[in-house]
file run-v2.pdb (PDB, C-alpha atoms)
MODEL        1
ATOM      1  CA  GLY Q  49    -171.853-165.906 -82.236
ATOM      2  CA  ARG Q  50    -170.932-163.010 -79.952
ATOM      3  CA  VAL Q  51    -173.069-159.857 -80.161
ATOM      4  CA  ASP Q  52    -169.997-157.593 -80.060
ATOM      5  CA  ILE Q  53    -168.153-159.285 -82.929
ATOM      6  CA  ASP Q  54    -168.916-156.396 -85.308
ATOM      7  CA  LEU Q  55    -167.657-153.870 -82.791
ATOM      8  CA  LEU Q  56    -164.447-155.849 -82.282
ATOM      9  CA  SER Q  57    -163.961-156.154 -86.040
ATOM     10  CA  GLN Q  58    -164.436-152.398 -86.486
ATOM     11  CA  HIS Q  59    -162.050-151.700 -83.612
ATOM     12  CA  GLN Q  60    -159.400-153.947 -85.150
ATOM     13  CA  LYS Q  61    -159.736-152.167 -88.492
ATOM     14  CA  GLU Q  62    -159.188-148.844 -86.740
ATOM     15  CA  VAL Q  63    -156.116-150.221 -84.975
ATOM     16  CA  ASP Q  64    -154.681-151.601 -88.220
ATOM     17  CA  TYR Q  65    -155.384-148.321 -90.021
ATOM     18  CA  TRP Q  66    -153.567-146.132 -87.513
ATOM     19  CA  ARG Q  67    -150.700-148.604 -87.234
ATOM     20  CA  ASN Q  68    -150.174-148.327 -90.991
ATOM     21  CA  VAL Q  69    -150.218-144.535 -90.688
ATOM     22  CA  LEU Q  70    -147.667-144.640 -87.886
ATOM     23  CA  LYS Q  71    -145.341-146.931 -89.838
ATOM     24  CA  ARG Q  72    -145.059-144.292 -92.546
ATOM     25  CA  ILE Q  73    -144.757-141.375 -90.123
ATOM     26  CA  VAL Q  74    -142.068-143.141 -88.099
ATOM     27  CA  ALA Q  75    -140.135-143.948 -91.287
ATOM     28  CA  VAL Q  76    -140.075-140.251 -92.234
ATOM     29  CA  VAL Q  77    -139.008-139.202 -88.719
ATOM     30  CA  LYS Q  78    -136.205-141.794 -88.710
ATOM     31  CA  PHE Q  79    -135.021-140.675 -92.139
ATOM     32  CA  LEU Q  80    -134.783-136.983 -91.220
ATOM     33  CA  ALA Q  81    -133.373-137.554 -87.718
ATOM     34  CA  SER Q  82    -130.668-139.988 -88.877
ATOM     35  CA  ARG Q  83    -129.394-137.363 -91.328
ATOM     36  CA  GLY Q  84    -129.636-134.425 -88.971
ATOM     37  CA  LEU Q  85    -132.090-132.595 -91.222
ATOM     38  CA  PRO Q  86    -134.527-129.943 -89.921
ATOM     39  CA  PHE Q  87    -138.172-130.941 -89.577
ATOM     40  CA  ARG Q  88    -140.138-127.678 -89.396
ATOM     41  CA  GLY Q  89    -140.923-125.065 -91.971
ATOM     42  CA  ASP Q  90    -142.712-121.736 -91.767
ATOM     43  CA  ASN Q  91    -146.087-123.457 -91.390
ATOM     44  CA  GLU Q  92    -147.766-126.863 -91.024
ATOM     45  CA  ILE Q  93    -150.095-126.618 -94.006
ATOM     46  CA  LEU Q  94    -150.178-129.527 -96.448
ATOM     47  CA  GLY Q  95    -149.636-128.290 -99.973
ATOM     48  CA  SER Q  96    -147.585-125.314 -98.848
ATOM     49  CA  PRO Q  97    -144.035-125.073-100.263
ATOM     50  CA  ASN Q  98    -142.889-123.806 -96.858
ATOM     51  CA  ASN Q  99    -144.210-126.588 -94.625
ATOM     52  CA  GLY Q 100    -140.768-128.070 -93.937
ATOM     53  CA  ASN Q 101    -139.012-131.366 -94.624
ATOM     54  CA  TYR Q 102    -141.296-133.461 -92.401
ATOM     55  CA  LEU Q 103    -144.598-132.701 -94.131
ATOM     56  CA  GLY Q 104    -142.774-132.363 -97.444
ATOM     57  CA  CYS Q 105    -141.517-135.958 -97.221
ATOM     58  CA  VAL Q 106    -144.978-137.177 -96.211
ATOM     59  CA  GLU Q 107    -146.470-135.462 -99.262
ATOM     60  CA  LEU Q 108    -143.776-136.922-101.513
ATOM     61  CA  LEU Q 109    -144.449-140.462-100.258
ATOM     62  CA  SER Q 110    -148.191-139.978-100.763
ATOM     63  CA  GLU Q 111    -147.625-139.545-104.505
ATOM     64  CA  PHE Q 112    -146.542-143.205-104.666
ATOM     65  CA  ASP Q 113    -148.573-144.573-101.743
ATOM     66  CA  PRO Q 114    -152.374-144.659-102.266
ATOM     67  CA  PHE Q 115    -152.982-145.443 -98.585
ATOM     68  CA  LEU Q 116    -151.061-142.370 -97.413
ATOM     69  CA  ALA Q 117    -152.601-140.219-100.145
ATOM     70  CA  ASP Q 118    -156.071-141.225 -98.963
ATOM     71  CA  HIS Q 119    -155.107-140.463 -95.352
ATOM     72  CA  LEU Q 120    -153.945-136.964 -96.289
ATOM     73  CA  LYS Q 121    -157.218-136.315 -98.110
ATOM     74  CA  LYS Q 122    -159.247-137.347 -95.060
ATOM     75  CA  PHE Q 123    -157.114-135.893 -92.273
ATOM     76  CA  GLY Q 124    -154.848-133.278 -93.921
ATOM     77  CA  ASN Q 125    -154.935-129.799 -92.296
ATOM     78  CA  PRO Q 126    -157.491-130.902 -89.671
ATOM     79  CA  GLY Q 127    -156.725-128.164 -87.149
ATOM     80  CA  LYS Q 128    -156.127-128.551 -83.412
ATOM     81  CA  GLY Q 129    -158.004-131.244 -81.515
ATOM     82  CA  ASN Q 130    -158.278-133.642 -84.454
ATOM     83  CA  ILE Q 131    -156.240-136.819 -84.721
ATOM     84  CA  SER Q 132    -154.071-137.116 -87.810
ATOM     85  CA  TYR Q 133    -150.579-138.042 -86.511
ATOM     86  CA  LEU Q 134    -149.203-135.277 -88.741
ATOM     87  CA  SER Q 135    -148.796-132.524 -86.149
ATOM     88  CA  ALA Q 136    -145.549-131.138 -84.736
ATOM     89  CA  ASN Q 137    -146.450-132.417 -81.253
ATOM     90  CA  ILE Q 138    -146.721-136.008 -82.456
ATOM     91  CA  CYS Q 139    -143.490-135.591 -84.402
ATOM     92  CA  ASN Q 140    -141.691-134.325 -81.283
ATOM     93  CA  GLU Q 141    -142.994-137.257 -79.261
ATOM     94  CA  PHE Q 142    -141.596-139.734 -81.792
ATOM     95  CA  ILE Q 143    -138.221-137.960 -81.816
ATOM     96  CA  GLU Q 144    -138.086-138.100 -78.009
ATOM     97  CA  VAL Q 145    -139.068-141.786 -77.893
ATOM     98  CA  MET Q 146    -136.506-142.693 -80.574
ATOM     99  CA  GLY Q 147    -133.837-140.655 -78.792
ATOM    100  CA  LYS Q 148    -134.466-142.532 -75.552
ATOM    101  CA  GLN Q 149    -134.213-145.879 -77.345
ATOM    102  CA  VAL Q 150    -130.932-144.902 -79.049
ATOM    103  CA  LEU Q 151    -129.502-143.659 -75.743
ATOM    104  CA  LYS Q 152    -130.589-146.885 -74.030
ATOM    105  CA  LYS Q 153    -128.883-149.014 -76.687
ATOM    106  CA  ILE Q 154    -125.625-147.033 -76.450
ATOM    107  CA  ILE Q 155    -125.607-147.274 -72.653
ATOM    108  CA  ASN Q 156    -126.149-151.040 -72.860
ATOM    109  CA  GLU Q 157    -123.181-151.276 -75.243
ATOM    110  CA  VAL Q 158    -121.054-149.243 -72.820
ATOM    111  CA  LYS Q 159    -121.992-151.552 -69.960
ATOM    112  CA  SER Q 160    -121.139-154.601 -72.068
ATOM    113  CA  ALA Q 161    -117.768-153.086 -72.989
ATOM    114  CA  LYS Q 162    -117.219-152.201 -69.281
ATOM    115  CA  TYR Q 163    -114.392-149.693 -69.758
ATOM    116  CA  PHE Q 164    -114.888-146.319 -71.392
ATOM    117  CA  SER Q 165    -113.531-142.795 -71.760
ATOM    118  CA  ILE Q 166    -115.365-139.472 -71.854
ATOM    119  CA  SER Q 167    -115.049-136.184 -73.707
ATOM    120  CA  VAL Q 168    -117.117-133.086 -72.942
ATOM    121  CA  ASP Q 169    -117.276-129.503 -74.148
ATOM    122  CA  SER Q 170    -119.832-126.732 -73.863
ATOM    123  CA  THR Q 171    -121.369-124.457 -76.477
ATOM    124  CA  PRO Q 172    -124.378-122.085 -76.460
ATOM    125  CA  ASP Q 173    -127.263-122.817 -78.825
ATOM    126  CA  LEU Q 174    -129.339-120.281 -80.775
ATOM    127  CA  SER Q 175    -131.540-119.651 -77.724
ATOM    128  CA  HIS Q 176    -128.380-118.759 -75.718
ATOM    129  CA  ILE Q 177    -128.659-121.811 -73.478
ATOM    130  CA  ASP Q 178    -125.248-123.229 -72.643
ATOM    131  CA  GLN Q 179    -125.137-126.969 -73.326
ATOM    132  CA  LEU Q 180    -122.580-129.567 -72.339
ATOM    133  CA  THR Q 181    -121.860-131.984 -75.174
ATOM    134  CA  PHE Q 182    -121.310-135.445 -73.688
ATOM    135  CA  ILE Q 183    -119.363-137.946 -75.814
ATOM    136  CA  ILE Q 184    -118.314-141.427 -74.741
ATOM    137  CA  ARG Q 185    -115.804-143.846 -76.274
ATOM    138  CA  TYR Q 186    -115.637-147.601 -75.804
ATOM    139  CA  VAL Q 187    -114.678-150.776 -77.639
ATOM    140  CA  LYS Q 188    -117.274-152.871 -79.450
ATOM    141  CA  ASP Q 189    -116.303-156.077 -81.257
ATOM    142  CA  CYS Q 190    -112.626-155.131 -80.966
ATOM    143  CA  VAL Q 191    -113.276-151.808 -82.722
ATOM    144  CA  PRO Q 192    -113.157-148.403 -80.958
ATOM    145  CA  VAL Q 193    -116.502-146.620 -81.047
ATOM    146  CA  GLU Q 194    -117.322-142.977 -80.310
ATOM    147  CA  ARG Q 195    -120.915-141.995 -79.528
ATOM    148  CA  PHE Q 196    -122.652-138.735 -78.737
ATOM    149  CA  LEU Q 197    -124.930-139.215 -75.735
ATOM    150  CA  LYS Q 198    -126.676-135.977 -74.919
ATOM    151  CA  PHE Q 199    -126.738-132.189 -74.748
ATOM    152  CA  ILE Q 200    -126.909-131.321 -71.042
ATOM    153  CA  PRO Q 201    -128.038-127.752 -70.190
ATOM    154  CA  ILE Q 202    -125.589-126.120 -67.759
ATOM    155  CA  LYS Q 203    -125.622-122.881 -65.746
ATOM    156  CA  GLU Q 204    -121.894-122.265 -65.224
ATOM    157  CA  HIS Q 205    -118.401-123.420 -66.220
ATOM    158  CA  LYS Q 206    -116.808-123.971 -62.817
ATOM    159  CA  SER Q 207    -114.985-127.291 -62.591
ATOM    160  CA  LYS Q 208    -116.869-128.387 -59.471
ATOM    161  CA  TYR Q 209    -120.235-127.817 -61.139
ATOM    162  CA  LEU Q 210    -119.161-129.585 -64.356
ATOM    163  CA  ALA Q 211    -117.802-132.561 -62.399
ATOM    164  CA  GLU Q 212    -121.071-132.880 -60.480
ATOM    165  CA  THR Q 213    -123.030-132.689 -63.752
ATOM    166  CA  ILE Q 214    -120.944-135.452 -65.370
ATOM    167  CA  LEU Q 215    -120.978-137.723 -62.325
ATOM    168  CA  ASN Q 216    -124.726-137.230 -61.893
ATOM    169  CA  PHE Q 217    -125.359-138.107 -65.561
ATOM    170  CA  LEU Q 218    -123.297-141.306 -65.273
ATOM    171  CA  GLU Q 219    -125.027-142.254 -62.029
ATOM    172  CA  ILE Q 220    -128.510-141.732 -63.484
ATOM    173  CA  HIS Q 221    -127.678-144.142 -66.311
ATOM    174  CA  ASP Q 222    -125.959-146.615 -64.003
ATOM    175  CA  ILE Q 223    -122.521-146.243 -65.625
ATOM    176  CA  PRO Q 224    -119.845-146.751 -62.919
ATOM    177  CA  ILE Q 225    -117.254-143.954 -62.882
ATOM    178  CA  LYS Q 226    -114.730-146.498 -61.561
ATOM    179  CA  ASP Q 227    -114.664-148.033 -65.055
ATOM    180  CA  CYS Q 228    -113.617-144.763 -66.694
ATOM    181  CA  ARG Q 229    -110.157-145.115 -68.254
ATOM    182  CA  GLY Q 230    -109.771-141.792 -70.052
ATOM    183  CA  GLN Q 231    -110.966-138.198 -70.225
ATOM    184  CA  SER Q 232    -110.323-135.566 -72.885
ATOM    185  CA  TYR Q 233    -111.147-131.851 -72.802
ATOM    186  CA  ASP Q 234    -109.731-128.598 -74.102
ATOM    187  CA  ASN Q 235    -106.906-126.733 -72.380
ATOM    188  CA  ALA Q 236    -109.021-124.212 -70.469
ATOM    189  CA  SER Q 237    -107.954-123.982 -66.827
ATOM    190  CA  ASN Q 238    -111.361-125.084 -65.529
ATOM    191  CA  MET Q 239    -111.034-128.286 -67.588
ATOM    192  CA  SER Q 240    -107.331-129.186 -67.527
ATOM    193  CA  GLY Q 241    -106.263-127.540 -64.241
ATOM    194  CA  LYS Q 242    -103.788-129.662 -62.317
ATOM    195  CA  TYR Q 243    -105.122-128.834 -58.858
ATOM    196  CA  SER Q 244    -108.828-128.069 -59.179
ATOM    197  CA  GLY Q 245    -109.682-128.593 -62.857
ATOM    198  CA  LEU Q 246    -112.364-130.973 -64.080
ATOM    199  CA  GLN Q 247    -109.817-133.652 -64.971
ATOM    200  CA  THR Q 248    -108.455-133.574 -61.395
ATOM    201  CA  ARG Q 249    -111.919-133.881 -59.849
ATOM    202  CA  ILE Q 250    -112.722-136.867 -62.080
ATOM    203  CA  LYS Q 251    -109.399-138.467 -61.122
ATOM    204  CA  GLU Q 252    -110.368-138.132 -57.469
ATOM    205  CA  LYS Q 253    -113.272-140.464 -58.240
ATOM    206  CA  CYS Q 254    -111.276-142.768 -60.531
ATOM    207  CA  GLU Q 255    -107.489-142.661 -60.474
ATOM    208  CA  PHE Q 256    -107.295-144.598 -63.767
ATOM    209  CA  ALA Q 257    -109.144-141.906 -65.743
ATOM    210  CA  THR Q 258    -106.084-140.638 -67.619
ATOM    211  CA  PHE Q 259    -106.401-137.091 -68.894
ATOM    212  CA  ILE Q 260    -105.448-136.449 -72.535
ATOM    213  CA  PRO Q 261    -105.689-132.818 -73.713
ATOM    214  CA  CYS Q 262    -107.542-132.249 -76.991
ATOM    215  CA  ALA Q 263    -104.825-132.462 -79.681
ATOM    216  CA  GLY Q 264    -106.701-130.147 -82.033
ATOM    217  CA  HIS Q 265    -107.104-127.461 -79.366
ATOM    218  CA  SER Q 266    -103.468-127.819 -78.293
ATOM    219  CA  LEU Q 267    -102.252-127.413 -81.868
ATOM    220  CA  ASN Q 268    -104.536-124.419 -82.305
ATOM    221  CA  LEU Q 269    -103.056-122.757 -79.206
ATOM    222  CA  VAL Q 270     -99.522-123.387 -80.472
ATOM    223  CA  GLY Q 271    -100.347-121.688 -83.766
ATOM    224  CA  VAL Q 272    -102.100-118.733 -82.143
ATOM    225  CA  HIS Q 273     -99.353-117.991 -79.628
ATOM    226  CA  ALA Q 274     -96.498-118.672 -82.039
ATOM    227  CA  ALA Q 275     -97.925-116.204 -84.546
ATOM    228  CA  GLY Q 276     -98.721-113.732 -81.771
ATOM    229  CA  CYS Q 277     -95.025-113.581 -80.837
ATOM    230  CA  VAL Q 278     -94.088-112.267 -84.292
ATOM    231  CA  PRO Q 279     -95.308-108.702 -85.052
ATOM    232  CA  GLU Q 280     -95.033-109.262 -88.816
ATOM    233  CA  ALA Q 281     -97.258-112.343 -88.599
ATOM    234  CA  SER Q 282     -99.868-110.481 -86.552
ATOM    235  CA  GLN Q 283     -99.860-107.624 -89.079
ATOM    236  CA  PHE Q 284    -100.148-110.103 -91.961
ATOM    237  CA  PHE Q 285    -103.258-111.793 -90.565
ATOM    238  CA  GLU Q 286    -104.712-108.389 -89.714
ATOM    239  CA  ILE Q 287    -104.426-107.410 -93.391
ATOM    240  CA  VAL Q 288    -105.985-110.723 -94.502
ATOM    241  CA  GLN Q 289    -108.998-110.037 -92.287
ATOM    242  CA  LYS Q 290    -109.250-106.384 -93.367
ATOM    243  CA  VAL Q 291    -109.297-107.404 -97.040
ATOM    244  CA  TYR Q 292    -112.177-109.785 -96.345
ATOM    245  CA  ASN Q 293    -114.059-107.187 -94.261
ATOM    246  CA  PHE Q 294    -113.662-104.581 -96.992
ATOM    247  CA  PHE Q 295    -115.068-106.690 -99.805
ATOM    248  CA  SER Q 296    -117.751-108.478 -97.762
ATOM    249  CA  GLY Q 297    -119.042-105.187 -96.352
ATOM    250  CA  SER Q 298    -120.691-104.262 -99.669
ATOM    251  CA  THR Q 299    -122.438-106.319-102.348
ATOM    252  CA  HIS Q 300    -121.085-103.913-104.993
ATOM    253  CA  ARG Q 301    -117.478-104.399-103.856
ATOM    254  CA  TRP Q 302    -118.010-108.166-103.566
ATOM    255  CA  ASN Q 303    -119.322-108.310-107.150
ATOM    256  CA  MET Q 304    -116.292-106.361-108.369
ATOM    257  CA  LEU Q 305    -114.029-108.828-106.566
ATOM    258  CA  THR Q 306    -115.717-111.905-108.076
ATOM    259  CA  GLU Q 307    -115.525-110.340-111.557
ATOM    260  CA  HIS Q 308    -111.776-109.875-111.190
ATOM    261  CA  LEU Q 309    -111.212-113.320-109.625
ATOM    262  CA  GLY Q 310    -113.181-115.306-112.184
ATOM    263  CA  SER Q 311    -112.819-118.961-111.222
ATOM    264  CA  LYS Q 312    -110.343-118.228-108.415
ATOM    265  CA  LYS Q 313    -111.338-118.703-104.780
ATOM    266  CA  VAL Q 314    -112.896-115.680-103.096
ATOM    267  CA  VAL Q 315    -111.318-114.185 -99.965
ATOM    268  CA  LYS Q 316    -112.312-115.773 -96.657
ATOM    269  CA  SER Q 317    -112.587-114.645 -93.062
ATOM    270  CA  LEU Q 318    -110.109-115.799 -90.438
ATOM    271  CA  SER Q 319    -111.439-118.294 -87.910
ATOM    272  CA  GLN Q 320    -111.146-117.241 -84.281
ATOM    273  CA  THR Q 321    -111.278-120.785 -82.934
ATOM    274  CA  ARG Q 322    -109.629-123.034 -85.520
ATOM    275  CA  TRP Q 323    -106.120-122.129 -86.618
ATOM    276  CA  SER Q 324    -106.250-124.638 -89.484
ATOM    277  CA  ALA Q 325    -109.148-122.691 -91.042
ATOM    278  CA  ARG Q 326    -106.794-119.732 -91.510
ATOM    279  CA  ALA Q 327    -104.995-121.771 -94.151
ATOM    280  CA  ASP Q 328    -108.081-121.441 -96.366
ATOM    281  CA  ALA Q 329    -108.048-117.650 -95.990
ATOM    282  CA  VAL Q 330    -104.324-117.422 -96.756
ATOM    283  CA  SER Q 331    -104.630-119.843 -99.683
ATOM    284  CA  ALA Q 332    -107.457-117.787-101.226
ATOM    285  CA  LEU Q 333    -105.451-114.575-100.882
ATOM    286  CA  HIS Q 334    -102.309-116.176-102.290
ATOM    287  CA  GLY Q 335    -104.096-117.776-105.249
ATOM    288  CA  GLY Q 336    -105.857-114.584-106.296
ATOM    289  CA  TYR Q 337    -103.268-112.059-105.115
ATOM    290  CA  LYS Q 338    -102.801-110.136-108.383
ATOM    291  CA  ARG Q 339    -106.508-110.054-109.195
ATOM    292  CA  ILE Q 340    -107.453-108.965-105.668
ATOM    293  CA  LEU Q 341    -104.885-106.187-105.912
ATOM    294  CA  GLU Q 342    -106.337-105.164-109.287
ATOM    295  CA  ALA Q 343    -109.833-105.066-107.765
ATOM    296  CA  LEU Q 344    -108.620-102.796-104.956
ATOM    297  CA  ILE Q 345    -106.901-100.432-107.415
ATOM    298  CA  THR Q 346    -110.035-100.346-109.592
ATOM    299  CA  ILE Q 347    -112.151 -99.389-106.577
ATOM    300  CA  ALA Q 348    -109.581 -96.794-105.479
ATOM    301  CA  ASN Q 349    -109.758 -95.141-108.921
ATOM    302  CA  ASP Q 350    -113.553 -95.224-109.210
ATOM    303  CA  THR Q 351    -114.594 -91.589-108.690
ATOM    304  CA  GLU Q 352    -118.267 -92.564-108.400
ATOM    305  CA  LEU Q 353    -117.616 -94.302-105.065
ATOM    306  CA  ALA Q 354    -117.470 -92.603-101.667
ATOM    307  CA  ARG Q 355    -114.168 -91.011-100.707
ATOM    308  CA  GLU Q 356    -113.850 -93.197 -97.600
ATOM    309  CA  THR Q 357    -114.249 -96.358 -99.696
ATOM    310  CA  ARG Q 358    -111.638 -95.256-102.224
ATOM    311  CA  ASP Q 359    -109.166 -94.294 -99.459
ATOM    312  CA  GLU Q 360    -109.611 -97.647 -97.731
ATOM    313  CA  ALA Q 361    -109.096 -99.523-101.018
ATOM    314  CA  LEU Q 362    -105.938 -97.507-101.725
ATOM    315  CA  SER Q 363    -104.606 -98.162 -98.213
ATOM    316  CA  LEU Q 364    -105.226-101.923 -98.519
ATOM    317  CA  SER Q 365    -103.596-102.048-101.959
ATOM    318  CA  ARG Q 366    -100.467-100.394-100.569
ATOM    319  CA  LYS Q 367    -100.358-102.773 -97.625
ATOM    320  CA  MET Q 368    -100.720-105.742 -99.977
ATOM    321  CA  GLY Q 369     -97.708-104.445-101.900
ATOM    322  CA  ASN Q 370     -95.460-104.791 -98.870
ATOM    323  CA  LEU Q 371     -92.682-107.359 -99.124
ATOM    324  CA  GLU Q 372     -93.844-109.150 -95.942
ATOM    325  CA  LEU Q 373     -97.272-109.834 -97.414
ATOM    326  CA  ILE Q 374     -95.952-111.001-100.782
TER     327      ILE Q 374
ENDMDL
END

call {"tool": "encode", "arguments": {"input": "run-v2.pdb", "output": "structure tokens"}}
result
Amino acid sequence: GRVDIDLLSQHQKEVDYWRNVLKRIVAVVKFLASRGLPFRGDNEILGSPNNGNYLGCVELLSEFDPFLADHLKKFGNPGKGNISYLSANICNEFIEVMGKQVLKKIINEVKSAKYFSISVDSTPDLSHIDQLTFIIRYVKDCVPVERFLKFIPIKEHKSKYLAETILNFLEIHDIPIKDCRGQSYDNASNMSGKYSGLQTRIKEKCEFATFIPCAGHSLNLVGVHAAGCVPEASQFFEIVQKVYNFFSGSTHRWNMLTEHLGSKKVVKSLSQTRWSARADAVSALHGGYKRILEALITIANDTELARETRDEALSLSRKMGNLELI
């Protein structure tokens, strides 16, 4: 027999061992990523209640998996420089690899469908980096499909720059812009401008890329401007917001409100971006109107509270008694 047969056998056992470890690690990463759950905690210490969902899931599986339990005993909390496949770096590598595979599959589906439409919008993340959200729509098996492709970091919002960013992204992934049949953005001038907006610049590259303004954003603008034309409506929403600010500005006042409301909905803040969300704030105020008014009067009559607080509560109670608000 061969003199290295024992070495080969040992090597194969090592390979099989780490493959089994990776199968379990990859399963946990897929589970958390597919549900959009956070991975990290305050630390990366096994046994800690603050080690995050990733290590928490691994520990949970180990209670029912002797192989994984044994692995954690041998390689748990090994410190830097030791192989365990449990570290954040390894986890990030798997997320990146999986993300590339998902993106590749979606792009292949787009190419098979041939025609597509795009929708983009930008939003800053927690680190204050502005990111362009790239969404693509196409037809698969006679059913319309919408897929998120990527967050693209951007430096400005000028239409020329955004158009170059979009066209460059499509070119990198070999998606012909000539097959674009639709584009949808919000109504900002840099996006929807007739002469130099993003939609116009995309149309210069593909005349069939029909622009359709975002219906939700359009409806939101109608509501905002329609209400803004009526002084009584503006004053009404101002009072709704002031009532929320008053109660939410103090835990004591908030507790008094919840005691008066009981099972009724608590007051809510007005949304600055979604007009439909204001319905929730108005509904909460309407449903608990009498009890909210009682809470304000109680606070206004409480001599143990600061004078400014009592005056503000009295002012709000009088405003809520106006015919326009009722």

call {"tool": "resolve_selection", "arguments": {"input": "run-v2.pdb", "expression": "the PyMOL selection byres ((chain Q and resi 189) around 12)", "output": "ChimeraX atom specification"}}
result
/Q:157-158,160-161,186-188,190-193

call {"tool": "closest_residue", "arguments": {"input": "run-v2.pdb", "among": "Q:Ile183, Q:Val74, Q:Leu318, Q:Leu341", "to": "Phe217 (chain Q)", "atoms": "only C-alpha atoms"}}
result
Q:Ile183

call {"tool": "resolve_selection", "arguments": {"input": "run-v2.pdb", "expression": "the PyMOL selection byres ((chain Q and resi 135-151) around 12)", "output": "PyMOL selection string"}}
result
chain Q and resi 70-71+73-82+84+86-89+91-94+99-103+106+123-134+152-158+182-184+195-199+221

call {"tool": "closest_residue", "arguments": {"input": "run-v2.pdb", "among": "Q:Leu353, Q:Ile214, Q:Ile166, Q:Ile177", "to": "Arg229 (chain Q)", "atoms": "all atoms listed in the file"}}
result
Q:Ile166

call {"tool": "resolve_selection", "arguments": {"input": "run-v2.pdb", "expression": "the PyMOL selection byres ((chain Q and resi 225) around 9)", "output": "list in words"}}
result
Leu215, Leu218, Glu219, Ile223, Pro224, Lys226, Asp227, Cys228, Arg229, Ile250, Lys253, Cys254 and Ala257 of chain Q

call {"tool": "decode", "arguments": {"input": "run-v2.pdb", "residues": "region 150-162 of chain Q", "atoms": "N, CA, C and O atoms", "output": "CSV table (one decimal), in the first residue's frame"}}
result
chain,number,residue,atom,x,y,z
Q,150,VAL,N,-27.2,35.3,-5.1
Q,150,VAL,CA,-28.6,35.8,-5.2
Q,150,VAL,C,-28.7,36.8,-6.4
Q,150,VAL,O,-29.6,36.7,-7.2
Q,151,LEU,N,-27.8,37.8,-6.3
Q,151,LEU,CA,-27.8,38.8,-7.4
Q,151,LEU,C,-27.6,38.2,-8.7
Q,151,LEU,O,-28.2,38.5,-9.7
Q,152,LYS,N,-26.7,37.2,-8.8
Q,152,LYS,CA,-26.4,36.5,-10.1
Q,152,LYS,C,-27.6,35.8,-10.6
Q,152,LYS,O,-27.9,35.9,-11.8
Q,153,LYS,N,-28.4,35.2,-9.7
Q,153,LYS,CA,-29.6,34.4,-10.1
Q,153,LYS,C,-30.6,35.4,-10.7
Q,153,LYS,O,-31.3,35.1,-11.7
Q,154,ILE,N,-30.8,36.5,-9.9
Q,154,ILE,CA,-31.8,37.5,-10.4
Q,154,ILE,C,-31.5,38.1,-11.7
Q,154,ILE,O,-32.3,38.2,-12.6
Q,155,ILE,N,-30.2,38.4,-11.9
Q,155,ILE,CA,-29.7,39.0,-13.2
Q,155,ILE,C,-30.0,38.0,-14.3
Q,155,ILE,O,-30.4,38.3,-15.4
Q,156,ASN,N,-29.7,36.7,-14.1
Q,156,ASN,CA,-30.0,35.7,-15.1
Q,156,ASN,C,-31.4,35.6,-15.4
Q,156,ASN,O,-31.8,35.4,-16.6
Q,157,GLU,N,-32.3,35.7,-14.4
Q,157,GLU,CA,-33.7,35.7,-14.7
Q,157,GLU,C,-34.1,37.0,-15.5
Q,157,GLU,O,-35.0,36.9,-16.4
Q,158,VAL,N,-33.5,38.1,-15.2
Q,158,VAL,CA,-33.8,39.3,-16.0
Q,158,VAL,C,-33.4,39.1,-17.4
Q,158,VAL,O,-34.2,39.5,-18.4
Q,159,LYS,N,-32.3,38.6,-17.6
Q,159,LYS,CA,-31.8,38.3,-19.0
Q,159,LYS,C,-32.7,37.4,-19.8
Q,159,LYS,O,-33.0,37.5,-21.0
Q,160,SER,N,-33.2,36.4,-19.1
Q,160,SER,CA,-34.1,35.4,-19.7
Q,160,SER,C,-35.4,36.0,-20.0
Q,160,SER,O,-36.0,35.8,-21.1
Q,161,ALA,N,-35.9,37.0,-19.2
Q,161,ALA,CA,-37.2,37.7,-19.4
Q,161,ALA,C,-37.0,38.7,-20.5
Q,161,ALA,O,-38.0,39.0,-21.2
Q,162,LYS,N,-35.8,39.2,-20.7
Q,162,LYS,CA,-35.4,40.2,-21.7
Q,162,LYS,C,-35.9,41.6,-21.3
Q,162,LYS,O,-35.0,42.5,-21.1
